[in-house]
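*Asks:* Here it is: the structure, laid out below.
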Amino acid sequence: MARSDRPGQTEERRRLGASDHAVEDALVQEFENTVTEGANRLNRTWRALVVTGLFGGIDVGLGLLAMLAVMDATGSKLLGGLAFGVGLYALRLAHSELFTEEFLVPINAIVAGHGTWWQLLRLWSVTLVTNLAGGWALAWLVVAAFPHFEDVLLESTAQYMEPGLTLETASLAILAGFTITLVTRMSQGSSEGIATLANSLISGLLVVGLGMFHGALSSAVIFAAMHAGAETTYLQWLVWCAWVIPLNMVGGLVILTLPRLVRTWELVRAEREAQSLRSAGGEDGAEPAPTR
């Protein structure tokens, strides 16, 4: 219980909800879900990490195909971005991994005592590399199958590669990381299929439809354009990634994950204390007392 509680506050929370923590019951349940899921992600085998990351990039490629088809038919970037959400929906249904989805869930698990920072670095690096590899491969297949999308691809890629690093593009990269991380948090709040679909379409509409700069999603478009004959080189793409991906991380980690940890810090402390009790109980051969 927080020291700042007035007399009777804890009793009132018990009466109104299932938890006496100084946060809403919905946040308690969400925290528990994210810690469990984050611990599972952090402890995946190398094989599981590689496969889930590859399929994350492949699912993004499916969204690319949907986007190109809609933009070719309508000329609308917003509708194309909405269609891109199909790939993000497939990604969530298939339990694949997208790099920027790892900015909230596994960090909750680490600060709660269920993982290490080395495991997080391993998760981030493998997921990012395999996302890009999977996106590159499916982008090649999309271009080979639908060469008439070349004009749409070249136009779409120009908006990412031509401006360079400016205040506007930096802001777009920060917003992309924030948006995907926020939608990940929204998904933790509901297991309903319609909510998952809505969250995926929202992600596509905002990030792709508005032309935000996202390391994995935008790279799929850039790769496709390169396969179609764009003059962009891999070195130019690497330079682009060198500033886009760190700014994605700023958007996801600083703007959303850090304040979220502050909001649920009571839960973090309680879980860490429970972990200590479990460890002490295991060493002494006795069962630790329940924490709640």
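Residue names in the structure tokens use chain letters A, B, ... in the order shown, residue numbers from 1 in each chain, and ligand numbers from 1 in the order shown.
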What lies within 8 Å of Val207 of chain A using only C-alpha atoms, ignoring chain neighbours under 6 positions off, as a CSV table (one decimal) with C-alpha atoms, in the first residue's frame?
*Replies:*
chain,number,residue,atom,x,y,z
A,81,GLY,CA,-2.9,2.5,-45.2
A,176,ALA,CA,5.2,5.8,-35.6
A,179,THR,CA,1.4,4.6,-32.3
A,180,ILE,CA,2.4,1.0,-32.7
A,213,PHE,CA,8.4,6.6,-40.8
A,214,HIS,CA,8.5,3.0,-39.3
*Asks:* Using DSSP secondary structure from the backbone, list all helix (DSSP H, G or I) positions within segment 65-133 of chain A, as number ranges by chain.
*Replies:* A: 65-74, 77-93, 99-103, 105-111, 117-133
*Asks:* List as a list in words the protein and nucleic acid residues near Leu154 of chain A, meaning an atom at most 10 Å away when only C-alpha atoms are counted, but skip any in the same chain fewer than 6 places from it.
*Replies:* Val221, Ile222, Ala224, Ala225, Met226, Ala228, Gly229, Ala230, Glu231 and Thr232 of chain A
*Asks:* Include N, CA, C and O atoms and write out the residues we just selected as a PDB file, in the first residue's frame.
*Replies:*
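Final output, saved to out-v7.pdb:
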ATOM      1  N   VAL A 221       8.038  -1.357 -47.914  1.00  0.00           N
ATOM      2  CA  VAL A 221       7.725  -0.553 -49.103  1.00  0.00           C
ATOM      3  C   VAL A 221       9.014  -0.209 -49.856  1.00  0.00           C
ATOM      4  O   VAL A 221       9.077  -0.304 -51.086  1.00  0.00           O
ATOM      5  N   ILE A 222      10.039   0.192 -49.121  1.00  0.00           N
ATOM      6  CA  ILE A 222      11.308   0.562 -49.738  1.00  0.00           C
ATOM      7  C   ILE A 222      11.930  -0.638 -50.450  1.00  0.00           C
ATOM      8  O   ILE A 222      12.423  -0.524 -51.581  1.00  0.00           O
ATOM      9  N   ALA A 224      10.409  -3.225 -51.700  1.00  0.00           N
ATOM     10  CA  ALA A 224       9.631  -3.525 -52.900  1.00  0.00           C
ATOM     11  C   ALA A 224      10.004  -2.582 -54.040  1.00  0.00           C
ATOM     12  O   ALA A 224      10.147  -3.000 -55.196  1.00  0.00           O
ATOM     13  N   ALA A 225      10.178  -1.302 -53.709  1.00  0.00           N
ATOM     14  CA  ALA A 225      10.568  -0.348 -54.737  1.00  0.00           C
ATOM     15  C   ALA A 225      11.959  -0.665 -55.282  1.00  0.00           C
ATOM     16  O   ALA A 225      12.214  -0.543 -56.488  1.00  0.00           O
ATOM     17  N   MET A 226      12.875  -1.080 -54.427  1.00  0.00           N
ATOM     18  CA  MET A 226      14.217  -1.456 -54.877  1.00  0.00           C
ATOM     19  C   MET A 226      14.153  -2.669 -55.809  1.00  0.00           C
ATOM     20  O   MET A 226      14.835  -2.722 -56.828  1.00  0.00           O
ATOM     21  N   ALA A 228      11.717  -3.289 -57.660  1.00  0.00           N
ATOM     22  CA  ALA A 228      11.065  -2.831 -58.885  1.00  0.00           C
ATOM     23  C   ALA A 228      11.953  -1.916 -59.717  1.00  0.00           C
ATOM     24  O   ALA A 228      11.539  -1.441 -60.779  1.00  0.00           O
ATOM     25  N   GLY A 229      13.170  -1.624 -59.234  1.00  0.00           N
ATOM     26  CA  GLY A 229      14.099  -0.833 -60.030  1.00  0.00           C
ATOM     27  C   GLY A 229      14.360   0.560 -59.530  1.00  0.00           C
ATOM     28  O   GLY A 229      14.979   1.369 -60.242  1.00  0.00           O
ATOM     29  N   ALA A 230      13.934   0.896 -58.308  1.00  0.00           N
ATOM     30  CA  ALA A 230      14.201   2.229 -57.762  1.00  0.00           C
ATOM     31  C   ALA A 230      15.706   2.429 -57.600  1.00  0.00           C
ATOM     32  O   ALA A 230      16.469   1.483 -57.413  1.00  0.00           O
ATOM     33  N   GLU A 231      16.138   3.685 -57.656  1.00  0.00           N
ATOM     34  CA  GLU A 231      17.566   3.987 -57.577  1.00  0.00           C
ATOM     35  C   GLU A 231      18.107   3.955 -56.148  1.00  0.00           C
ATOM     36  O   GLU A 231      19.306   4.125 -55.943  1.00  0.00           O
ATOM     37  N   THR A 232      17.239   3.748 -55.174  1.00  0.00           N
ATOM     38  CA  THR A 232      17.677   3.657 -53.779  1.00  0.00           C
ATOM     39  C   THR A 232      18.646   2.495 -53.600  1.00  0.00           C
ATOM     40  O   THR A 232      18.411   1.390 -54.095  1.00  0.00           O
TER      41      THR A 232
END
*Asks:* Can you list, as a short mmCIF file (atom, residue, chain, number, x, y, z; two decimals) with C-alpha atoms, in the first residue's frame, every protein, DNA or RNA residue that comes within 12 Å of Val105 of chain A when you count only C-alpha atoms, leaving out same-chain residues fewer than 3 positions away?
*Replies:*
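Output file selection38.cif follows:
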data_model
loop_
_atom_site.label_atom_id
_atom_site.label_comp_id
_atom_site.auth_asym_id
_atom_site.auth_seq_id
_atom_site.Cartn_x
_atom_site.Cartn_y
_atom_site.Cartn_z
CA GLU A 30 -3.53 -5.83 -18.00
CA PHE A 31 -0.28 -5.68 -16.03
CA GLU A 32 -0.52 -9.36 -15.13
CA ASN A 33 -1.23 -10.26 -18.77
CA THR A 34 1.71 -8.25 -20.09
CA VAL A 35 4.12 -9.67 -17.51
CA THR A 36 3.10 -13.24 -18.39
CA GLU A 37 3.28 -12.66 -22.14
CA GLY A 38 6.49 -10.67 -21.85
CA ALA A 39 8.19 -13.43 -19.86
CA ASN A 40 7.13 -15.95 -22.50
CA ARG A 41 8.62 -13.81 -25.28
CA LEU A 42 11.87 -13.23 -23.42
CA GLU A 97 6.38 -10.51 -33.82
CA PHE A 99 9.93 -5.09 -33.61
CA THR A 100 8.09 -2.07 -32.19
CA GLU A 101 5.52 -4.29 -30.46
CA GLU A 102 8.33 -5.28 -28.09
CA ASN A 108 6.99 -4.91 -18.02
CA ALA A 109 8.21 -8.47 -17.48
CA ILE A 110 11.82 -7.35 -16.88
CA VAL A 111 11.05 -4.61 -14.35
CA ALA A 112 8.72 -7.07 -12.57
CA HIS A 114 10.78 -12.04 -14.82
CA GLY A 115 13.62 -11.46 -17.28
CA LEU A 120 15.53 -8.05 -24.12
CA LEU A 123 14.66 -10.31 -28.46
CA THR A 181 3.24 0.69 -29.02
CA LEU A 182 -0.06 2.30 -28.04
CA VAL A 183 -2.02 -0.09 -30.24
CA THR A 184 -0.11 -2.98 -28.64
CA ARG A 185 -1.28 -1.74 -25.24
CA MET A 186 -4.84 -1.41 -26.54
CA SER A 187 -4.68 -5.02 -27.72
CA GLN A 188 -3.69 -6.12 -24.22
CA GLY A 252 7.45 3.79 -27.97
CA LEU A 253 9.67 3.77 -24.88
CA LEU A 256 4.33 5.54 -23.65
CA THR A 257 6.19 2.74 -21.85
CA LEU A 258 7.96 4.90 -19.25
CA ARG A 260 2.95 3.48 -18.06
CA LEU A 261 5.53 2.03 -15.68
#
*Asks:* Do you know which residues are at most 12 Å from Ser156 of chain A counting only C-alpha atoms, after dropping those on the same chain fewer than 5 positions away, and could you put them as JSON, numbers by chain?
*Replies:* {"A": [64, 67, 68, 71, 72, 75, 76, 77, 80, 81, 149, 150, 151, 161, 162, 208, 209, 210, 211, 212, 213, 218, 219, 220, 221, 222, 223, 224, 225, 226, 230]}
*Asks:* Restrict the selected residues to N, CA, C and O atoms and save them as a compact mmCIF listing (two decimals), in the first residue's frame.
*Replies:*
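The resulting file, result-v7.txt, is reproduced below:
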# COMPACT_ATOMS: atom_id res chain seq x y z
N LEU A 64 1.54 -5.02 -47.36
CA LEU A 64 2.07 -4.26 -48.50
C LEU A 64 1.27 -4.57 -49.77
O LEU A 64 0.90 -3.66 -50.52
N MET A 67 -2.09 -2.91 -49.59
CA MET A 67 -1.94 -1.47 -49.77
C MET A 67 -1.76 -1.11 -51.24
O MET A 67 -2.41 -0.18 -51.76
N LEU A 68 -0.89 -1.83 -51.94
CA LEU A 68 -0.63 -1.54 -53.34
C LEU A 68 -1.88 -1.74 -54.20
O LEU A 68 -2.16 -0.95 -55.10
N MET A 71 -4.25 1.25 -53.41
CA MET A 71 -3.75 2.51 -53.94
C MET A 71 -3.77 2.53 -55.46
O MET A 71 -4.05 3.57 -56.08
N ASP A 72 -3.49 1.40 -56.08
CA ASP A 72 -3.52 1.33 -57.54
C ASP A 72 -4.94 1.55 -58.06
O ASP A 72 -5.14 2.16 -59.11
N GLY A 75 -5.98 5.40 -55.74
CA GLY A 75 -5.07 6.54 -55.63
C GLY A 75 -5.05 7.18 -54.27
O GLY A 75 -4.44 8.24 -54.09
N SER A 76 -5.71 6.56 -53.29
CA SER A 76 -5.82 7.15 -51.95
C SER A 76 -4.79 6.53 -51.01
O SER A 76 -4.78 5.32 -50.80
N LYS A 77 -3.93 7.36 -50.41
CA LYS A 77 -2.96 6.87 -49.44
C LYS A 77 -3.65 6.42 -48.15
O LYS A 77 -3.22 5.44 -47.52
N GLY A 80 -5.15 3.12 -48.74
CA GLY A 80 -4.06 2.17 -48.84
C GLY A 80 -3.51 1.80 -47.47
O GLY A 80 -3.22 0.63 -47.19
N GLY A 81 -3.38 2.80 -46.60
CA GLY A 81 -2.92 2.54 -45.25
C GLY A 81 -3.91 1.67 -44.47
O GLY A 81 -3.51 0.78 -43.72
N PHE A 149 2.46 -2.68 -60.33
CA PHE A 149 2.40 -1.78 -59.17
C PHE A 149 3.64 -0.89 -59.07
O PHE A 149 3.80 -0.17 -58.09
N GLU A 150 4.50 -0.93 -60.06
CA GLU A 150 5.79 -0.23 -59.98
C GLU A 150 5.63 1.27 -59.72
O GLU A 150 6.31 1.84 -58.87
N ASP A 151 4.73 1.92 -60.45
CA ASP A 151 4.57 3.37 -60.29
C ASP A 151 4.12 3.73 -58.88
O ASP A 151 4.60 4.71 -58.29
N MET A 161 12.36 8.28 -48.61
CA MET A 161 13.79 8.39 -48.85
C MET A 161 14.26 9.80 -49.22
O MET A 161 15.40 10.16 -48.93
N GLU A 162 13.43 10.59 -49.85
CA GLU A 162 13.89 11.88 -50.36
C GLU A 162 14.08 12.96 -49.31
O GLU A 162 15.05 13.74 -49.39
N VAL A 208 0.80 4.00 -41.85
CA VAL A 208 1.08 3.92 -43.29
C VAL A 208 0.28 4.96 -44.06
O VAL A 208 0.81 5.64 -44.96
N GLY A 209 -1.00 5.12 -43.72
CA GLY A 209 -1.84 6.07 -44.44
C GLY A 209 -1.38 7.50 -44.32
O GLY A 209 -1.51 8.29 -45.26
N LEU A 210 -0.82 7.86 -43.16
CA LEU A 210 -0.34 9.22 -42.94
C LEU A 210 1.15 9.37 -43.25
O LEU A 210 1.72 10.44 -43.03
N GLY A 211 1.77 8.30 -43.72
CA GLY A 211 3.17 8.40 -44.13
C GLY A 211 4.16 8.53 -43.00
O GLY A 211 5.21 9.17 -43.16
N MET A 212 3.85 7.93 -41.84
CA MET A 212 4.83 7.95 -40.75
C MET A 212 6.02 7.05 -41.13
O MET A 212 5.91 6.16 -41.96
N PHE A 213 7.14 7.30 -40.47
CA PHE A 213 8.37 6.55 -40.77
C PHE A 213 8.54 5.43 -39.74
O PHE A 213 8.81 5.70 -38.57
N SER A 218 7.82 0.60 -43.11
CA SER A 218 8.26 1.41 -44.25
C SER A 218 9.34 0.70 -45.05
O SER A 218 9.43 0.85 -46.27
N SER A 219 10.18 -0.10 -44.37
CA SER A 219 11.23 -0.83 -45.08
C SER A 219 10.65 -1.81 -46.09
O SER A 219 11.23 -2.04 -47.15
N ALA A 220 9.49 -2.40 -45.78
CA ALA A 220 8.86 -3.32 -46.73
C ALA A 220 8.53 -2.59 -48.03
O ALA A 220 8.72 -3.12 -49.13
N VAL A 221 8.04 -1.36 -47.91
CA VAL A 221 7.72 -0.55 -49.10
C VAL A 221 9.01 -0.21 -49.86
O VAL A 221 9.08 -0.30 -51.09
N ILE A 222 10.04 0.19 -49.12
CA ILE A 222 11.31 0.56 -49.74
C ILE A 222 11.93 -0.64 -50.45
O ILE A 222 12.42 -0.52 -51.58
N PHE A 223 11.91 -1.80 -49.80
CA PHE A 223 12.46 -3.01 -50.43
C PHE A 223 11.72 -3.33 -51.73
O PHE A 223 12.35 -3.68 -52.74
N ALA A 224 10.41 -3.22 -51.70
CA ALA A 224 9.63 -3.52 -52.90
C ALA A 224 10.00 -2.58 -54.04
O ALA A 224 10.15 -3.00 -55.20
N ALA A 225 10.18 -1.30 -53.71
CA ALA A 225 10.57 -0.35 -54.74
C ALA A 225 11.96 -0.67 -55.28
O ALA A 225 12.21 -0.54 -56.49
N MET A 226 12.87 -1.08 -54.43
CA MET A 226 14.22 -1.46 -54.88
C MET A 226 14.15 -2.67 -55.81
O MET A 226 14.84 -2.72 -56.83
N ALA A 230 13.93 0.90 -58.31
CA ALA A 230 14.20 2.23 -57.76
C ALA A 230 15.71 2.43 -57.60
O ALA A 230 16.47 1.48 -57.41
*Asks:* Out of A:His95, A:Gly134, A:Leu247, A:Leu238, which residue has the shortest atom-to-atom distance to Ala48 of chain A when counting only C-alpha atoms?
*Replies:*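 Smallest separation from Ala48 of chain A among the options: A:His95.
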*Asks:* List the spatial neighbours of Val86 of chain A as a CSV table (one decimal) with C-alpha atoms, in the first residue's frame - criterion: any atom at most 7 Å away, only C-alpha atoms, same-chain residues fewer than 4 positions off excluded.
*Replies:*
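out.csv was written with the following content:
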chain,number,residue,atom,x,y,z
A,63,GLY,CA,-0.2,-5.8,-45.8
A,90,ALA,CA,-2.6,-11.4,-39.9
A,201,LEU,CA,-6.8,-1.2,-39.2
*Asks:* Could you please determine the separation between atom CA of Ala69 of chain A and atom CA of Glu155 of chain A in Å, to one decimal place?
*Replies:* 14.2 Å
*Asks:* Give me the residues near Val51 of chain A as number ranges by chain, where near means some atom within 9 Å (using only C-alpha atoms) and where sequence neighbours in that chain fewer than 5 positions away do not count.
*Replies:* A: 46, 56, 96, 130
*Asks:* Using N, CA, C and O atoms, can you export the residues from the last selection as a short mmCIF file (atom, residue, chain, number, x, y, z; two decimals), in the first residue's frame?
*Replies:*
data_model
loop_
_atom_site.label_atom_id
_atom_site.label_comp_id
_atom_site.auth_asym_id
_atom_site.auth_seq_id
_atom_site.Cartn_x
_atom_site.Cartn_y
_atom_site.Cartn_z
N TRP A 46 16.03 -19.74 -29.55
CA TRP A 46 16.53 -19.04 -30.73
C TRP A 46 15.68 -19.40 -31.96
O TRP A 46 15.36 -18.53 -32.77
N GLY A 56 6.70 -12.32 -38.90
CA GLY A 56 6.27 -10.94 -38.72
C GLY A 56 6.54 -10.12 -39.97
O GLY A 56 5.69 -9.36 -40.43
N SER A 96 2.77 -13.64 -34.62
CA SER A 96 4.10 -13.28 -35.09
C SER A 96 4.59 -12.07 -34.29
O SER A 96 3.88 -11.57 -33.41
N THR A 130 15.07 -10.29 -38.39
CA THR A 130 14.20 -11.26 -39.07
C THR A 130 12.96 -10.58 -39.66
O THR A 130 12.46 -11.01 -40.71
#
